[in-house]
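Here is the file input_21.cif (mmCIF, C-alpha atoms).
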```cif
data_coords
#
loop_
_atom_site.label_atom_id
_atom_site.label_comp_id
_atom_site.auth_asym_id
_atom_site.auth_seq_id
_atom_site.Cartn_x
_atom_site.Cartn_y
_atom_site.Cartn_z
CA MET R 1 97.21 121.26 145.89
CA ALA R 2 94.75 122.69 143.38
CA ASP R 3 92.12 123.03 146.11
CA THR R 4 94.60 124.88 148.33
CA CYS R 5 95.55 127.28 145.53
CA GLY R 6 91.88 127.95 144.91
CA GLN R 7 91.39 128.68 148.60
CA VAL R 8 94.37 131.06 148.51
CA LEU R 9 92.96 132.98 145.54
CA LEU R 10 89.51 133.19 147.10
CA GLY R 11 90.95 134.18 150.46
CA SER R 12 93.15 136.84 148.89
CA GLY R 13 90.18 138.35 147.08
CA LEU R 14 88.10 138.48 150.24
CA THR R 15 91.05 139.95 152.15
CA VAL R 16 91.41 142.80 149.65
CA LEU R 17 87.68 143.54 149.69
CA SER R 18 87.42 143.49 153.48
CA HIS R 19 90.64 145.36 154.21
CA PRO R 20 89.16 148.90 154.47
CA LEU R 21 86.60 147.58 156.97
CA MET R 22 89.31 145.97 159.12
CA TYR R 23 91.45 149.13 158.86
CA ILE R 24 88.67 151.33 160.23
CA LYS R 25 87.76 148.78 162.91
CA VAL R 26 91.37 148.70 164.17
CA LEU R 27 91.55 152.50 164.42
CA ILE R 28 88.31 152.54 166.42
CA GLN R 29 89.59 149.73 168.64
CA VAL R 30 92.63 151.81 169.48
CA GLY R 31 90.34 154.69 170.40
CA HIS R 32 91.07 157.06 167.52
CA GLU R 33 88.02 159.24 166.86
CA PRO R 34 89.03 161.91 164.30
CA LEU R 35 85.48 163.19 163.82
CA PRO R 36 83.41 164.73 166.62
CA PRO R 37 80.03 163.25 167.56
CA THR R 38 76.90 164.70 166.02
CA LEU R 39 73.35 164.92 167.32
CA GLY R 40 71.11 162.25 165.86
CA ARG R 41 68.38 159.75 166.72
CA ASN R 42 68.60 156.08 167.57
CA LEU R 43 66.30 153.31 166.36
CA PHE R 44 63.68 154.31 168.96
CA GLY R 45 63.64 157.97 167.91
CA ARG R 46 65.53 159.29 170.93
CA GLN R 47 68.14 162.00 170.49
CA VAL R 48 71.68 160.71 171.04
CA GLN R 49 75.23 161.84 170.36
CA GLN R 50 76.23 159.68 167.40
CA LEU R 51 79.77 158.81 166.37
CA PRO R 52 80.82 158.57 162.72
CA GLY R 53 80.15 155.18 161.20
CA LEU R 54 82.03 153.16 158.62
CA PHE R 55 81.36 155.38 155.61
CA SER R 56 82.07 158.69 157.37
CA TYR R 57 85.30 157.27 158.74
CA ALA R 58 86.28 155.97 155.29
CA LYS R 59 85.63 159.39 153.72
CA HIS R 60 87.88 160.98 156.33
CA ILE R 61 90.73 158.59 155.50
CA VAL R 62 90.29 159.14 151.76
CA LYS R 63 90.36 162.90 152.31
CA ILE R 64 93.76 162.62 154.01
CA ASP R 65 95.49 159.72 152.23
CA GLY R 66 93.40 159.17 149.11
CA LYS R 67 91.64 155.93 148.21
CA VAL R 68 94.90 153.99 148.41
CA GLY R 69 95.07 155.01 152.06
CA LEU R 70 92.27 152.56 152.83
CA PHE R 71 94.65 149.70 152.07
CA LYS R 72 97.48 150.38 154.50
CA GLY R 73 98.84 147.10 155.82
CA LEU R 74 97.35 145.05 152.98
CA VAL R 75 100.61 143.37 151.86
CA PRO R 76 101.51 141.76 155.22
CA ARG R 77 97.86 140.76 155.66
CA LEU R 78 97.91 139.02 152.27
CA CYS R 79 101.12 137.25 153.34
CA ALA R 80 99.40 136.07 156.51
CA SER R 81 96.33 134.90 154.61
CA THR R 82 98.34 132.95 152.02
CA ILE R 83 100.74 131.30 154.45
CA GLY R 84 97.93 130.55 156.89
CA THR R 85 95.90 128.76 154.22
CA PHE R 86 98.81 126.50 153.25
CA VAL R 87 99.69 125.71 156.88
CA HIS R 88 96.05 124.96 157.75
CA SER R 89 95.62 122.60 154.80
CA LYS R 90 98.89 120.74 155.52
CA VAL R 91 98.07 120.26 159.20
CA MET R 92 94.53 119.07 158.38
CA LEU R 93 96.00 116.38 156.11
CA HIS R 94 98.54 115.08 158.60
CA VAL R 95 96.88 115.40 162.02
CA PHE R 96 94.61 112.48 162.96
CA PRO R 97 94.21 111.29 159.33
CA SER R 98 91.97 108.44 160.50
CA VAL R 99 89.37 110.98 161.63
CA LEU R 100 88.53 111.62 157.99
CA THR R 101 86.63 108.34 157.94
CA LEU R 102 85.01 108.86 161.34
CA GLN R 103 82.79 111.86 160.79
CA CYS R 104 80.68 111.09 163.83
CA TRP R 105 83.63 111.78 166.14
CA SER R 106 82.91 115.47 166.36
CA PHE R 107 85.22 115.95 169.31
CA LEU R 108 88.24 114.69 167.38
CA GLN R 109 87.22 116.66 164.32
CA THR R 110 87.03 119.84 166.36
CA THR R 111 90.38 119.05 168.00
CA LYS R 112 91.93 118.56 164.57
CA GLU R 113 90.56 121.88 163.35
CA MET R 114 91.77 123.56 166.55
CA ILE R 115 95.33 122.31 166.02
CA ALA R 116 95.32 123.40 162.37
CA ARG R 117 94.01 126.87 163.20
CA SER R 118 96.41 127.31 166.09
CA CYS R 119 99.42 126.35 163.96
CA ALA R 120 98.36 128.78 161.24
CA THR R 121 97.79 131.55 163.78
CA VAL R 122 101.19 131.11 165.45
CA ILE R 123 103.11 131.01 162.17
CA THR R 124 101.32 134.02 160.64
CA HIS R 125 101.10 136.17 163.77
CA PRO R 126 104.24 138.21 162.95
CA PHE R 127 102.53 139.38 159.74
CA HIS R 128 99.41 140.19 161.76
CA VAL R 129 101.48 142.37 164.10
CA ILE R 130 103.05 144.20 161.15
CA THR R 131 99.60 144.71 159.58
CA LEU R 132 98.20 146.31 162.74
CA ARG R 133 101.20 148.59 163.22
CA CYS R 134 101.07 149.75 159.60
CA MET R 135 97.41 150.67 160.14
CA VAL R 136 97.89 152.46 163.46
CA GLN R 137 100.54 154.73 161.93
CA PHE R 138 97.62 156.75 160.57
CA ILE R 139 97.07 158.26 164.02
CA GLY R 140 100.52 159.83 164.43
CA ARG R 141 101.29 160.07 160.71
CA GLU R 142 104.37 157.91 161.24
CA THR R 143 106.27 155.92 158.61
CA LYS R 144 108.18 153.61 160.95
CA TYR R 145 106.66 150.46 159.46
CA SER R 146 106.87 151.08 155.73
CA GLY R 147 107.28 147.58 154.32
CA VAL R 148 107.25 143.92 155.31
CA PHE R 149 111.03 143.40 155.36
CA ASP R 150 111.80 146.78 156.91
CA SER R 151 109.17 146.11 159.57
CA ILE R 152 110.68 142.71 160.37
CA VAL R 153 114.09 144.32 160.88
CA THR R 154 112.61 147.12 163.02
CA ILE R 155 110.68 144.76 165.31
CA TYR R 156 113.63 142.40 165.75
CA ARG R 157 116.04 145.26 166.48
CA GLU R 158 113.78 146.96 169.02
CA GLU R 159 111.87 144.08 170.64
CA GLY R 160 113.60 140.85 169.68
CA ILE R 161 111.79 137.65 168.72
CA LEU R 162 109.02 138.20 171.28
CA GLY R 163 107.99 141.40 169.48
CA PHE R 164 106.67 139.31 166.60
CA PHE R 165 104.29 137.52 168.94
CA ALA R 166 102.84 140.47 170.85
CA GLY R 167 99.17 139.76 171.54
CA LEU R 168 99.40 136.12 170.49
CA ILE R 169 98.00 134.52 173.65
CA PRO R 170 94.59 136.30 173.71
CA ARG R 171 94.31 135.76 169.95
CA LEU R 172 94.87 132.02 170.33
CA LEU R 173 92.44 131.82 173.23
CA GLY R 174 89.82 133.69 171.22
CA ASP R 175 90.26 131.41 168.18
CA VAL R 176 90.03 128.25 170.26
CA LEU R 177 87.00 129.42 172.23
CA SER R 178 85.27 130.59 169.04
CA LEU R 179 85.77 127.20 167.43
CA TRP R 180 84.44 125.21 170.39
CA ILE R 181 81.52 127.60 170.90
CA CYS R 182 80.58 127.22 167.23
CA ASN R 183 80.59 123.45 167.53
CA MET R 184 78.58 123.45 170.75
CA LEU R 185 76.07 125.80 169.17
CA ALA R 186 75.91 123.54 166.13
CA HIS R 187 74.87 120.67 168.40
CA LEU R 188 72.20 122.79 170.10
CA ILE R 189 70.93 124.20 166.82
CA ASN R 190 70.74 120.73 165.29
CA THR R 191 68.79 119.57 168.32
CA TYR R 192 66.19 122.31 167.82
CA ALA R 193 66.20 121.83 164.04
CA ILE R 194 66.81 125.43 163.01
CA ASP R 195 66.79 125.98 159.26
CA ASP R 196 70.10 125.02 157.59
CA SER R 197 70.43 128.40 155.86
CA VAL R 198 70.28 130.23 159.20
CA ARG R 199 72.46 127.80 161.16
CA PRO R 200 75.98 128.96 160.10
CA LEU R 201 75.03 132.63 160.56
CA CYS R 202 73.73 132.02 164.09
CA GLN R 203 76.86 130.09 165.06
CA SER R 204 79.40 132.60 163.72
CA PHE R 205 77.52 135.64 165.06
CA LEU R 206 77.16 134.34 168.60
CA ALA R 207 80.72 132.98 168.70
CA SER R 208 82.25 136.23 167.45
CA MET R 209 80.18 138.26 169.91
CA LEU R 210 81.28 136.15 172.87
CA THR R 211 84.97 136.10 171.92
CA TYR R 212 85.31 139.69 170.68
CA PRO R 213 87.09 140.90 173.87
CA PHE R 214 89.96 138.52 173.07
CA VAL R 215 90.26 140.03 169.58
CA LEU R 216 90.28 143.55 171.00
CA VAL R 217 92.88 142.80 173.68
CA SER R 218 95.08 140.94 171.19
CA ASN R 219 95.10 143.85 168.73
CA LEU R 220 95.82 146.39 171.45
CA MET R 221 98.71 144.33 172.82
CA ALA R 222 100.17 143.93 169.31
CA ILE R 223 100.70 147.70 169.10
CA ASN R 224 101.19 148.47 172.79
CA ASN R 225 104.38 150.40 173.55
CA CYS R 226 105.81 149.85 170.06
CA GLY R 227 106.87 153.45 169.55
CA LEU R 228 103.73 154.55 167.67
CA ALA R 229 101.33 157.22 168.94
CA GLY R 230 98.45 154.73 168.83
CA GLY R 231 100.23 152.40 171.23
CA LEU R 232 101.28 155.02 173.78
CA PRO R 233 99.44 157.39 176.14
CA PRO R 234 97.00 159.06 175.79
CA TYR R 235 95.56 156.47 173.37
CA ALA R 236 96.72 153.52 175.43
CA SER R 237 98.29 152.80 178.76
CA ILE R 238 101.47 150.74 178.91
CA TYR R 239 100.28 147.27 179.81
CA PRO R 240 102.73 144.77 181.39
CA SER R 241 100.58 141.89 180.15
CA TRP R 242 97.41 141.18 178.23
CA VAL R 243 95.62 140.45 181.51
CA ASP R 244 96.32 144.03 182.65
CA CYS R 245 94.95 145.31 179.35
CA TRP R 246 91.81 143.20 179.82
CA ARG R 247 91.28 144.49 183.34
CA HIS R 248 91.75 148.12 182.29
CA LEU R 249 89.30 147.84 179.39
CA SER R 250 86.82 146.11 181.66
CA ARG R 251 87.03 148.86 184.29
CA GLU R 252 86.54 151.52 181.63
CA GLY R 253 83.61 149.69 180.04
CA ASN R 254 85.44 149.39 176.70
CA MET R 255 85.37 145.63 176.13
CA SER R 256 83.20 146.04 173.02
CA ARG R 257 84.97 149.07 171.55
CA GLY R 258 85.08 148.74 167.76
CA ASN R 259 82.66 145.83 167.69
CA SER R 260 80.10 147.86 165.75
CA LEU R 261 80.81 150.13 162.79
CA PHE R 262 77.23 151.38 162.49
CA PHE R 263 74.82 153.15 164.88
CA ARG R 264 77.69 154.13 167.14
CA LYS R 265 76.87 156.45 170.02
CA LEU R 266 78.92 158.51 172.46
CA PRO R 267 79.88 156.30 175.45
CA ALA R 268 78.04 157.22 178.64
CA GLY R 269 80.01 159.52 180.91
CA LYS R 270 82.67 160.26 178.27
CA MET R 271 83.80 163.64 176.93
CA TYR R 272 85.25 164.19 173.45
CA ALA R 273 88.70 165.85 173.28
CA ILE R 274 89.04 167.66 169.95
CA GLU R 275 92.83 168.09 170.03
CA GLN R 276 93.57 164.48 170.93
CA LYS R 277 90.69 163.04 168.89
CA ARG R 278 89.61 160.59 171.55
CA PHE R 279 87.32 160.23 174.57
CA PHE R 280 88.03 160.82 178.25
#
```

Can I see the file as structure tokens?
Amino acid sequence: MADTCGQVLLGSGLTVLSHPLMYIKVLIQVGHEPLPPTLGRNLFGRQVQQLPGLFSYAKHIVKIDGKVGLFKGLVPRLCASTIGTFVHSKVMLHVFPSVLTLQCWSFLQTTKEMIARSCATVITHPFHVITLRCMVQFIGRETKYSGVFDSIVTIYREEGILGFFAGLIPRLLGDVLSLWICNMLAHLINTYAIDDSVRPLCQSFLASMLTYPFVLVSNLMAINNCGLAGGLPPYASIYPSWVDCWRHLSREGNMSRGNSLFFRKLPAGKMYAIEQKRFF
């Protein structure tokens, strides 16, 4: 229990520190570009139309909402982090307990971790949906989702139980694939004896890069057609399913949108619309 509480405190601290970064990433994922591109140079010295990075975007938010504006959606995200940690630890203790003494059974260990993560993701997903919708309100300056309990009532009244699980399937798929990719990479990296200090970084970077489209699609589906400007045209089409969202993003070449917060450049063949603050 003490270990779990320590994990909760550590996780909460990291959540608070990383929240502005996630906030900006979500707005970029939706396609909100409040600042026009500027002429700059890339790493090779070529002139390119650059988009505002993390710090420019953060300054823009602070200018409009103040420093506290960088923490919209923090409360439901802290709820998700806390509950998720407790669920994960409980499942890890009760699923395949004999595996604890069979460390060489990596397949069963990975399966155990997959079940624990999946349970935590399913249980905390409603808070994840509320977090994203609180953030996306910045685009249309709405106040529809103003608190955790009010948001729960709003979602249930307008969308029913399924509204709390919008975008869950691609999120689960992304988590599961990321976990198995990490473990497969660990086997390959161990085979080639890469330095231990580099090993975890290589695994997490490659896994996140390969599964990022699932994260993007999940976040877009969580806010799609929810009554907010960021989930309606022109920022987003109305997608019947997450597969339709995936196909649309793929056709438009937007599967990596929001993946980078630095050295961002104007997408090829796109025009910036000042009034709508997005690309066409």

Requested in this report: Grab the atom CA of R:Ala58 to atom CA of R:Leu21 distance for me, in Å with one decimal place.
Outcome: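 Interatomic distance here is 8.6 Å.
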
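The nearest approach to R:His128 among the residues R:Gly84, R:Gly253, R:Gly140, R:Gly45, with all atoms listed in the file taken into account, belongs to R:Gly84.
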
Query - Given the PyMOL selection byres ((chain R and resi 150-165) around 10), the residues it picks as a PyMOL selection string - result: chain R and resi 76+122-131+133-134+144-149+166-169+221-223+226-227

Requested in this report: Tell me which residues the PyMOL selection byres ((chain R and resi 23) around 12) grabs here, as an MDAnalysis selection string.
Outcome: chainID R and resid 15:22 24:30 32 54 57:58 61 69:74 77 131:139 219 258 261

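Distances to R:Asn183 were evaluated for R:Glu142, R:Glu113, R:Asp244, R:Glu252 using only C-alpha atoms, and the minimum falls at R:Glu113.
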
Report summary line: If you count only C-alpha atoms, the residue of R:Thr211, R:Gln7, R:Ser56, R:Gln49 closest to R:Thr85 turns out to be R:Gln7

**Report entry** Within-12 Å shell of (74.5, 152.1, 163.3) in input frame, only C-alpha atoms, as a count of residues only
**Finding:** 20

**Report entry** Neighbour list for R:Val217 as number ranges by chain, cut-off 8 Å, only C-alpha atoms, skip fewer than 3 positions in-chain
**Finding:** R: 167, 170, 213-214, 220-221, 242, 245-246

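The environment of R:Thr82 within 9 Å, counting all atoms listed in the file and disregarding residues fewer than 3 places along the same chain, consists of Gln7, Val8, Leu9, Gly11, Ser12, Arg77, Leu78, Cys79, Thr85, Phe86 and Val87 of chain R.
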
Write the residues you've just listed into a file as a short mmCIF file (atom, residue, chain, number, x, y, z; two decimals), in the frame of the given file, and include C-alpha atoms for each of them.
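Output below, filename again_12.cif:
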```
data_model
loop_
_atom_site.label_atom_id
_atom_site.label_comp_id
_atom_site.auth_asym_id
_atom_site.auth_seq_id
_atom_site.Cartn_x
_atom_site.Cartn_y
_atom_site.Cartn_z
CA GLN R 7 91.39 128.68 148.60
CA VAL R 8 94.37 131.06 148.51
CA LEU R 9 92.96 132.98 145.54
CA GLY R 11 90.95 134.18 150.46
CA SER R 12 93.15 136.84 148.89
CA ARG R 77 97.86 140.76 155.66
CA LEU R 78 97.91 139.02 152.27
CA CYS R 79 101.12 137.25 153.34
CA THR R 85 95.90 128.76 154.22
CA PHE R 86 98.81 126.50 153.25
CA VAL R 87 99.69 125.71 156.88
#
```

Contacts of stretch 171-175 of chain R within 8 Å, only C-alpha atoms, excl. fewer than 4 positions in-chain, as a PDB file with C-alpha atoms, keeping the file's coordinate frame:
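That gives us result.pdb:
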```pdb
ATOM      1  CA  ARG R 117      94.010 126.870 163.200  1.00  0.00           C
ATOM      2  CA  SER R 118      96.410 127.310 166.090  1.00  0.00           C
ATOM      3  CA  THR R 121      97.790 131.550 163.780  1.00  0.00           C
ATOM      4  CA  GLY R 167      99.170 139.760 171.540  1.00  0.00           C
ATOM      5  CA  LEU R 179      85.770 127.200 167.430  1.00  0.00           C
ATOM      6  CA  THR R 211      84.970 136.100 171.920  1.00  0.00           C
ATOM      7  CA  TYR R 212      85.310 139.690 170.680  1.00  0.00           C
ATOM      8  CA  PHE R 214      89.960 138.520 173.070  1.00  0.00           C
ATOM      9  CA  VAL R 215      90.260 140.030 169.580  1.00  0.00           C
ATOM     10  CA  SER R 218      95.080 140.940 171.190  1.00  0.00           C
TER      11      SER R 218
END
```

Query raised in the report: Between atom CA of R:Ser237 and atom CA of R:Leu249, what is the spacing in Å?
Result: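 Atom CA of R:Ser237 lies at a distance of 10.3 Å from atom CA of R:Leu249.
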
Query raised in the report: Using all atoms listed in the file, which residue out of R:Cys5, R:Leu228, R:Ile64, R:Leu210 lies closest to R:Pro34?
Result: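 That would be R:Ile64, the residue with the smallest distance to R:Pro34.
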
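Proximity to R:Pro36 was assessed for R:Thr143, R:His60, R:Pro240, R:Thr111 counting only C-alpha atoms; the smallest distance is recorded for R:His60.
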
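Restricting the calculation to all atoms listed in the file, the smallest distance between R:Ser208 and any of R:Leu232, R:Met184, R:Leu93, R:Leu177 is found for R:Leu177.
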
**Report entry** atom CA of R:Asn225 to atom CA of R:Gly31, distance in Å rounded to a single decimal
**Finding:**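 Atom CA of R:Gly31 lies 15.0 Å from atom CA of R:Asn225.
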